[in-house]
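The data block below is start.pdb; it holds PDB, C-alpha atoms.
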MODEL        1
ATOM      1  CA  MET A   1       1.559  24.998   3.429
ATOM      2  CA  PRO A   2       0.803  21.259   2.936
ATOM      3  CA  ILE A   3      -0.556  19.452   5.980
ATOM      4  CA  SER A   4       1.832  16.992   7.664
ATOM      5  CA  PHE A   5       1.023  13.298   7.487
ATOM      6  CA  PRO A   6       0.557  12.940  11.293
ATOM      7  CA  ASP A   7      -1.861  15.899  11.280
ATOM      8  CA  LEU A   8      -3.723  14.442   8.313
ATOM      9  CA  LEU A   9      -4.034  11.096  10.090
ATOM     10  CA  ALA A  10      -5.318  12.831  13.225
ATOM     11  CA  GLN A  11      -8.047  14.528  11.185
ATOM     12  CA  ILE A  12      -9.009  11.269   9.481
ATOM     13  CA  VAL A  13      -9.117   9.217  12.677
ATOM     14  CA  SER A  14     -11.293  11.841  14.415
ATOM     15  CA  ASP A  15     -14.105  11.443  11.845
ATOM     16  CA  ASP A  16     -15.717   7.994  11.542
ATOM     17  CA  ASN A  17     -16.858   8.536   7.952
ATOM     18  CA  LEU A  18     -13.443   9.720   6.780
ATOM     19  CA  HIS A  19     -11.773   7.001   8.826
ATOM     20  CA  ALA A  20     -13.941   4.302   7.229
ATOM     21  CA  ARG A  21     -13.069   5.560   3.743
ATOM     22  CA  TRP A  22      -9.373   5.672   4.681
ATOM     23  CA  LEU A  23      -9.494   2.051   5.864
ATOM     24  CA  ASN A  24     -11.396   1.088   2.728
ATOM     25  CA  SER A  25      -8.772   2.777   0.553
ATOM     26  CA  LEU A  26      -5.975   0.897   2.317
ATOM     27  CA  SER A  27      -7.950  -2.339   1.943
ATOM     28  CA  LEU A  28      -8.373  -1.651  -1.774
ATOM     29  CA  MET A  29      -4.640  -1.153  -2.226
ATOM     30  CA  GLU A  30      -3.782  -4.303  -0.259
ATOM     31  CA  ASN A  31      -6.288  -6.222  -2.388
ATOM     32  CA  THR A  32      -4.784  -4.743  -5.557
ATOM     33  CA  GLY A  33      -1.399  -6.001  -4.373
ATOM     34  CA  ALA A  34      -2.752  -9.491  -3.720
ATOM     35  CA  ARG A  35      -4.338  -9.621  -7.173
ATOM     36  CA  LYS A  36      -1.138  -8.423  -8.846
ATOM     37  CA  ILE A  37       0.860 -11.143  -7.086
ATOM     38  CA  ALA A  38      -1.674 -13.731  -8.261
ATOM     39  CA  ARG A  39      -1.205 -12.536 -11.852
ATOM     40  CA  TYR A  40       2.584 -12.549 -11.441
ATOM     41  CA  GLU A  41       2.805 -16.102 -10.069
ATOM     42  CA  HIS A  42       4.352 -18.656 -12.402
ATOM     43  CA  PRO A  43       1.935 -21.562 -12.976
ATOM     44  CA  VAL A  44       4.659 -24.047 -11.985
ATOM     45  CA  TYR A  45       7.665 -22.318 -10.378
ATOM     46  CA  THR A  46       5.981 -20.455  -7.519
ATOM     47  CA  SER A  47       7.908 -20.291  -4.259
ATOM     48  CA  LEU A  48       6.611 -20.589  -0.710
ATOM     49  CA  THR A  49       7.578 -16.944  -0.116
ATOM     50  CA  VAL A  50       5.444 -15.696  -3.004
ATOM     51  CA  LEU A  51       2.460 -17.794  -1.891
ATOM     52  CA  LYS A  52       2.852 -16.517   1.675
ATOM     53  CA  HIS A  53       3.048 -12.927   0.482
ATOM     54  CA  ALA A  54      -0.082 -13.269  -1.670
ATOM     55  CA  ALA A  55      -2.018 -14.832   1.201
ATOM     56  CA  GLU A  56      -0.969 -12.140   3.670
ATOM     57  CA  GLU A  57      -1.796  -9.269   1.297
ATOM     58  CA  ALA A  58      -5.279 -10.718   0.850
ATOM     59  CA  ARG A  59      -5.603 -11.120   4.621
ATOM     60  CA  HIS A  60      -4.614  -7.497   5.137
ATOM     61  CA  ALA A  61      -7.325  -6.383   2.720
ATOM     62  CA  TYR A  62      -9.877  -8.448   4.651
ATOM     63  CA  TYR A  63      -8.587  -7.338   8.058
ATOM     64  CA  LEU A  64      -8.741  -3.636   7.160
ATOM     65  CA  LYS A  65     -12.241  -4.100   5.770
ATOM     66  CA  LYS A  66     -13.334  -5.781   9.025
ATOM     67  CA  GLN A  67     -11.914  -2.882  11.052
ATOM     68  CA  ILE A  68     -14.483  -0.594   9.392
ATOM     69  CA  THR A  69     -17.250  -2.369  11.329
ATOM     70  CA  LYS A  70     -15.796  -0.898  14.530
ATOM     71  CA  LEU A  71     -16.695   2.573  13.232
ATOM     72  CA  GLY A  72     -20.345   1.952  12.391
ATOM     73  CA  ASP A  73     -22.827  -0.206  10.533
ATOM     74  CA  ASP A  74     -23.094  -0.367   6.736
ATOM     75  CA  LEU A  75     -20.052   1.834   6.086
ATOM     76  CA  CYS A  76     -18.131   1.324   2.836
ATOM     77  CA  PRO A  77     -19.758  -1.893   1.571
ATOM     78  CA  ASP A  78     -17.467  -2.085  -1.466
ATOM     79  CA  TYR A  79     -14.683  -0.277  -3.324
ATOM     80  CA  SER A  80     -16.924   2.129  -5.240
ATOM     81  CA  PHE A  81     -15.565   5.669  -5.599
ATOM     82  CA  PRO A  82     -17.918   7.237  -2.987
ATOM     83  CA  PHE A  83     -16.510   4.856  -0.354
ATOM     84  CA  LEU A  84     -12.841   5.757  -0.933
ATOM     85  CA  LEU A  85     -10.546   8.695  -0.254
ATOM     86  CA  ALA A  86      -8.830   9.946  -3.429
ATOM     87  CA  PRO A  87     -10.394   7.047  -5.372
ATOM     88  CA  ALA A  88      -8.621   7.544  -8.702
ATOM     89  CA  HIS A  89      -5.197   7.784  -7.026
ATOM     90  CA  SER A  90      -5.999   4.827  -4.739
ATOM     91  CA  TYR A  91      -6.970   2.651  -7.702
ATOM     92  CA  HIS A  92      -3.991   3.539  -9.894
ATOM     93  CA  TYR A  93      -1.176   4.011  -7.338
ATOM     94  CA  LEU A  94       0.164   0.446  -7.417
ATOM     95  CA  ARG A  95      -0.623  -0.062 -11.093
ATOM     96  CA  GLN A  96       1.315   3.078 -11.992
ATOM     97  CA  LEU A  97       4.277   2.028  -9.861
ATOM     98  CA  ASP A  98       4.326  -1.369 -11.572
ATOM     99  CA  LEU A  99       4.093   0.244 -15.020
ATOM    100  CA  GLU A 100       6.899   2.736 -14.377
ATOM    101  CA  THR A 101       9.080   0.020 -12.843
ATOM    102  CA  CYS A 102       8.610  -2.183 -15.922
ATOM    103  CA  ARG A 103       9.558   0.750 -18.155
ATOM    104  CA  TYR A 104      12.666   1.369 -16.032
ATOM    105  CA  LEU A 105      13.713  -2.284 -16.265
ATOM    106  CA  ALA A 106      12.976  -2.502 -19.997
ATOM    107  CA  ALA A 107      15.326   0.441 -20.521
ATOM    108  CA  THR A 108      18.094  -1.607 -18.853
ATOM    109  CA  GLY A 109      17.544  -4.460 -21.317
ATOM    110  CA  LYS A 110      15.411  -6.791 -19.222
ATOM    111  CA  LYS A 111      12.495  -8.515 -20.915
ATOM    112  CA  GLY A 112      10.130 -11.436 -20.604
ATOM    113  CA  ARG A 113      10.005 -13.401 -17.371
ATOM    114  CA  ALA A 114      13.221 -11.795 -16.108
ATOM    115  CA  LEU A 115      11.577  -8.376 -16.334
ATOM    116  CA  HIS A 116       8.448  -9.567 -14.508
ATOM    117  CA  ASP A 117      10.471 -11.242 -11.757
ATOM    118  CA  ALA A 118      12.570  -8.115 -11.228
ATOM    119  CA  ALA A 119       9.494  -5.868 -11.256
ATOM    120  CA  TYR A 120       7.746  -8.031  -8.667
ATOM    121  CA  ILE A 121      10.718  -7.912  -6.296
ATOM    122  CA  LEU A 122      11.413  -4.182  -6.730
ATOM    123  CA  VAL A 123       7.790  -3.007  -6.580
ATOM    124  CA  THR A 124       7.105  -5.164  -3.559
ATOM    125  CA  TYR A 125      10.239  -3.907  -1.822
ATOM    126  CA  ALA A 126       9.268  -0.255  -2.418
ATOM    127  CA  ILE A 127       5.730  -0.883  -1.161
ATOM    128  CA  GLU A 128       6.993  -2.685   1.948
ATOM    129  CA  VAL A 129       9.355   0.205   2.758
ATOM    130  CA  ARG A 130       6.343   2.528   2.513
ATOM    131  CA  ALA A 131       4.020   0.228   4.458
ATOM    132  CA  ASP A 132       6.524  -0.059   7.293
ATOM    133  CA  GLU A 133       6.376   3.718   7.755
ATOM    134  CA  LEU A 134       2.701   4.305   6.967
ATOM    135  CA  TYR A 135       1.193   1.673   9.246
ATOM    136  CA  ASP A 136       3.475   2.628  12.120
ATOM    137  CA  MET A 137       2.401   6.271  11.908
ATOM    138  CA  TYR A 138      -1.235   5.248  11.482
ATOM    139  CA  GLN A 139      -1.076   3.066  14.594
ATOM    140  CA  GLN A 140       0.416   5.970  16.540
ATOM    141  CA  ALA A 141      -2.549   8.110  15.491
ATOM    142  CA  LEU A 142      -4.973   5.345  16.495
ATOM    143  CA  THR A 143      -3.328   4.930  19.899
ATOM    144  CA  THR A 144      -3.310   8.692  20.538
ATOM    145  CA  ALA A 145      -7.011   8.907  19.660
ATOM    146  CA  GLY A 146      -7.909   5.867  21.763
ATOM    147  CA  SER A 147      -9.481   4.241  18.704
ATOM    148  CA  ARG A 148     -10.845   0.694  18.755
ATOM    149  CA  VAL A 149      -9.237   0.209  15.349
ATOM    150  CA  ASN A 150      -5.690  -1.183  15.303
ATOM    151  CA  VAL A 151      -3.217  -2.373  12.684
ATOM    152  CA  LYS A 152      -0.572  -3.935  14.926
ATOM    153  CA  SER A 153      -0.784  -7.365  13.305
ATOM    154  CA  ILE A 154      -0.255  -5.813   9.874
ATOM    155  CA  ILE A 155       2.823  -3.944  11.136
ATOM    156  CA  LEU A 156       4.417  -7.213  12.261
ATOM    157  CA  GLU A 157       3.727  -8.958   8.962
ATOM    158  CA  GLU A 158       4.894  -6.019   6.844
ATOM    159  CA  ALA A 159       8.203  -5.987   8.721
ATOM    160  CA  GLY A 160       8.605  -9.667   7.856
ATOM    161  CA  HIS A 161       7.766  -8.970   4.214
ATOM    162  CA  LEU A 162      10.435  -6.270   4.042
ATOM    163  CA  GLU A 163      13.078  -8.672   5.357
ATOM    164  CA  GLU A 164      12.017 -11.287   2.800
ATOM    165  CA  MET A 165      12.092  -8.836  -0.094
ATOM    166  CA  THR A 166      15.529  -7.597   0.953
ATOM    167  CA  ARG A 167      16.809 -11.183   0.840
ATOM    168  CA  MET A 168      15.213 -11.684  -2.584
ATOM    169  CA  LEU A 169      16.839  -8.479  -3.851
ATOM    170  CA  GLU A 170      20.262  -9.632  -2.644
ATOM    171  CA  ALA A 171      19.787 -12.915  -4.496
ATOM    172  CA  PHE A 172      18.485 -11.077  -7.583
ATOM    173  CA  ASP A 173      21.417  -8.666  -7.876
ATOM    174  CA  PRO A 174      24.279  -8.028  -5.407
ATOM    175  CA  GLY A 175      24.271  -4.406  -6.604
ATOM    176  CA  TRP A 176      20.537  -4.019  -5.989
ATOM    177  CA  GLN A 177      20.581  -0.929  -3.737
ATOM    178  CA  PRO A 178      20.932   1.806  -6.423
ATOM    179  CA  ILE A 179      18.220   0.153  -8.518
ATOM    180  CA  ALA A 180      15.913  -0.156  -5.496
ATOM    181  CA  ASP A 181      16.610   3.484  -4.617
ATOM    182  CA  ASP A 182      15.445   4.538  -8.086
ATOM    183  CA  ILE A 183      12.221   2.530  -7.751
ATOM    184  CA  CYS A 184      11.641   3.905  -4.256
ATOM    185  CA  ALA A 185      12.022   7.418  -5.681
ATOM    186  CA  ILE A 186       9.282   6.631  -8.210
ATOM    187  CA  GLU A 187       7.122   5.245  -5.406
ATOM    188  CA  ASP A 188       7.732   8.324  -3.258
ATOM    189  CA  ARG A 189       6.494  10.609  -6.036
ATOM    190  CA  LEU A 190       3.331   8.547  -6.469
ATOM    191  CA  HIS A 191       2.835   8.354  -2.710
ATOM    192  CA  GLN A 192       3.102  12.127  -2.329
ATOM    193  CA  GLN A 193       0.553  12.580  -5.121
ATOM    194  CA  TRP A 194      -1.798  10.157  -3.379
ATOM    195  CA  LEU A 195      -1.385  11.867  -0.013
ATOM    196  CA  ALA A 196      -2.032  15.279  -1.579
ATOM    197  CA  ALA A 197      -5.238  13.925  -3.114
ATOM    198  CA  VAL A 198      -6.283  12.414   0.231
ATOM    199  CA  ALA A 199      -5.582  15.714   2.013
ATOM    200  CA  GLN A 200      -7.637  17.561  -0.608
ATOM    201  CA  ALA A 201     -10.555  15.160  -0.097
ATOM    202  CA  VAL A 202     -10.369  15.560   3.684
ATOM    203  CA  ALA A 203     -10.262  19.357   3.401
ATOM    204  CA  ALA A 204     -13.267  19.309   1.060
ATOM    205  CA  GLU A 205     -15.268  17.196   3.504
ATOM    206  CA  GLN A 206     -14.475  19.518   6.397
ATOM    207  CA  THR A 207     -15.426  22.571   4.332
ATOM    208  CA  ILE A 208     -18.841  21.048   3.636
ATOM    209  CA  ALA A 209     -19.262  20.156   7.316
TER     210      ALA A 209
ENDMDL
END
As structure tokens, how would this structure be written, given the file I've shared?
Amino acid sequence: MPISFPDLLAQIVSDDNLHARWLNSLSLMENTGARKIARYEHPVYTSLTVLKHAAEEARHAYYLKKQITKLGDDLCPDYSFPFLLAPAHSYHYLRQLDLETCRYLAATGKKGRALHDAAYILVTYAIEVRADELYDMYQQALTTAGSRVNVKSIILEEAGHLEEMTRMLEAFDPGWQPIADDICAIEDRLHQQWLAAVAQAVAAEQTIA
């Protein structure tokens, strides 16, 4: 029977090495998001919301990386595979979601800048829905364990991002909900694959120990 996410988080938080690699994996994915936004930005027509989102994603990557120092010295100096949990899945998770979203939109007839704009809004919305849940459950695990690590500031900012993306979706298409549901379903499949890979890595570490 697959391990539940709260139980998986409890196992991760109880082991400083696993916890550091978990934080590093989250930092990697936040940094991937920031870099994707930077590539998406129009050289002229970039809004304040997009700039704010890019800056906050980069800050989250930095903040999560800094939290690792609370667990020990010289842990996870970079994003090399040995310093990540489920490294291949962590690297490709957001890229795969973006790719599948673009394919979905292309099949509806969108192309060019319209496709990229729609993909940015939909991918970001799906990720913010996930982040809202993931960071809340992670913080609960941290609080229960009495950890010095915390992600409360990220939770507040992610909630704001979700509100912004919802407004952008409403402006993009009044009938956005079914489309967003389809993209969230794609994201959920990729998320479950990532979590399964993380759980496998955690189980392997505990077997060795």
(request) Determine the nearest neighbour of Thr166 of chain A from the options A:Thr143, A:Leu48, A:Ala126, A:Arg95, counting only C-alpha atoms. (result) A:Ala126
(request) May I have the residues within 8 Å of Ser90 of chain A as a list in words, using all atoms listed in the file and disregarding those fewer than 5 positions away in the same chain? (result)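 The contact residues come out as Ser25, Leu28, Met29, Leu84, Leu85 and Trp194 of chain A.
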(message) Since I can't run it myself right now, could you work out what the PyMOL selection byres ((chain A and resi 135) around 12) selects here and report it as a PyMOL selection string?
(response) chain A and resi 5-6+9+23+26+60+64+127-134+136-142+150-159
(request) Could you give me, as a list in words, the residues within 12 Å of Lys70 of chain A, counting all atoms listed in the file and dropping anything in the same chain fewer than 6 positions from it? (result) Asp16, Asn17, His19, Ala20, Leu23, Tyr63, Leu64, Ser147, Arg148, Val149 and Asn150 of chain A
(request) Have a look at atom CA of Leu99 of chain A and atom CA of Tyr120 of chain A and let me know their distance in Å, one decimal. (result) 11.1 Å
(request) Find the residue from A:Gln67, A:Gln193, A:Ser14, A:Asn31 that sits nearest to Ala54 of chain A; use all atoms listed in the file when measuring. (result) A:Asn31
Grab all the atoms of segment 150-165 of chain A that the file lists, wrap them in a box along x, y and z, add 8 Å per side, and give me centre plus edge lengths in Å (one decimal) as AutoDock Vina command-line options.
--center_x 3.7 --center_y -6.2 --center_z 7.6 --size_x 34.8 --size_y 26.1 --size_z 31.4
Which segment 14-133 of chain A residues have any atom within 9 Å of an atom of segment 181-192 of chain A, and for each, what is the nearest pair of atoms with distance in Å to one decimal, counting only C-alpha atoms, rows sorted by chain and number, as a Markdown table?
| residue | atom | partner | partner_atom | distance |
| --- | --- | --- | --- | --- |
| A:His89 | CA | A:Leu190 | CA | 8.6 |
| A:Tyr93 | CA | A:Leu190 | CA | 6.5 |
| A:Leu94 | CA | A:Glu187 | CA | 8.7 |
| A:Gln96 | CA | A:Leu190 | CA | 8.0 |
| A:Leu97 | CA | A:Glu187 | CA | 6.2 |
| A:Glu100 | CA | A:Ile186 | CA | 7.7 |
| A:Thr101 | CA | A:Ile183 | CA | 6.5 |
| A:Tyr104 | CA | A:Ile183 | CA | 8.4 |
| A:Leu122 | CA | A:Ile183 | CA | 6.8 |
| A:Val123 | CA | A:Ile183 | CA | 7.2 |
| A:Tyr125 | CA | A:Cys184 | CA | 8.3 |
| A:Ala126 | CA | A:Cys184 | CA | 5.1 |
| A:Ile127 | CA | A:Glu187 | CA | 7.6 |
| A:Val129 | CA | A:Cys184 | CA | 8.3 |
| A:Arg130 | CA | A:Asp188 | CA | 8.3 |
Selection export as a compact mmCIF listing (two decimals), keeping the file's coordinate frame, atoms kept: C-alpha atoms:
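Heads up, here's the output in part19.txt:
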# COMPACT_ATOMS: atom_id res chain seq x y z
CA HIS A 89 -5.20 7.78 -7.03
CA TYR A 93 -1.18 4.01 -7.34
CA LEU A 94 0.16 0.45 -7.42
CA GLN A 96 1.32 3.08 -11.99
CA LEU A 97 4.28 2.03 -9.86
CA GLU A 100 6.90 2.74 -14.38
CA THR A 101 9.08 0.02 -12.84
CA TYR A 104 12.67 1.37 -16.03
CA LEU A 122 11.41 -4.18 -6.73
CA VAL A 123 7.79 -3.01 -6.58
CA TYR A 125 10.24 -3.91 -1.82
CA ALA A 126 9.27 -0.26 -2.42
CA ILE A 127 5.73 -0.88 -1.16
CA VAL A 129 9.36 0.20 2.76
CA ARG A 130 6.34 2.53 2.51
(message) When you look at Glu57 of chain A with a cut-off of 7 Å (counting all atoms listed in the file), what residues show up, excluding the ones that are within fewer than 4 positions of it in the same chain? I need them as JSON, numbers by chain.
(response) {"A": [30, 31, 33, 34, 53, 61]}
(message) One decimal, in Å: what's the spacing between atom CA of Leu115 of chain A and atom CA of Arg103 of chain A?
(response)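 For atom CA of Leu115 of chain A relative to atom CA of Arg103 of chain A, the distance reads 9.5 Å.
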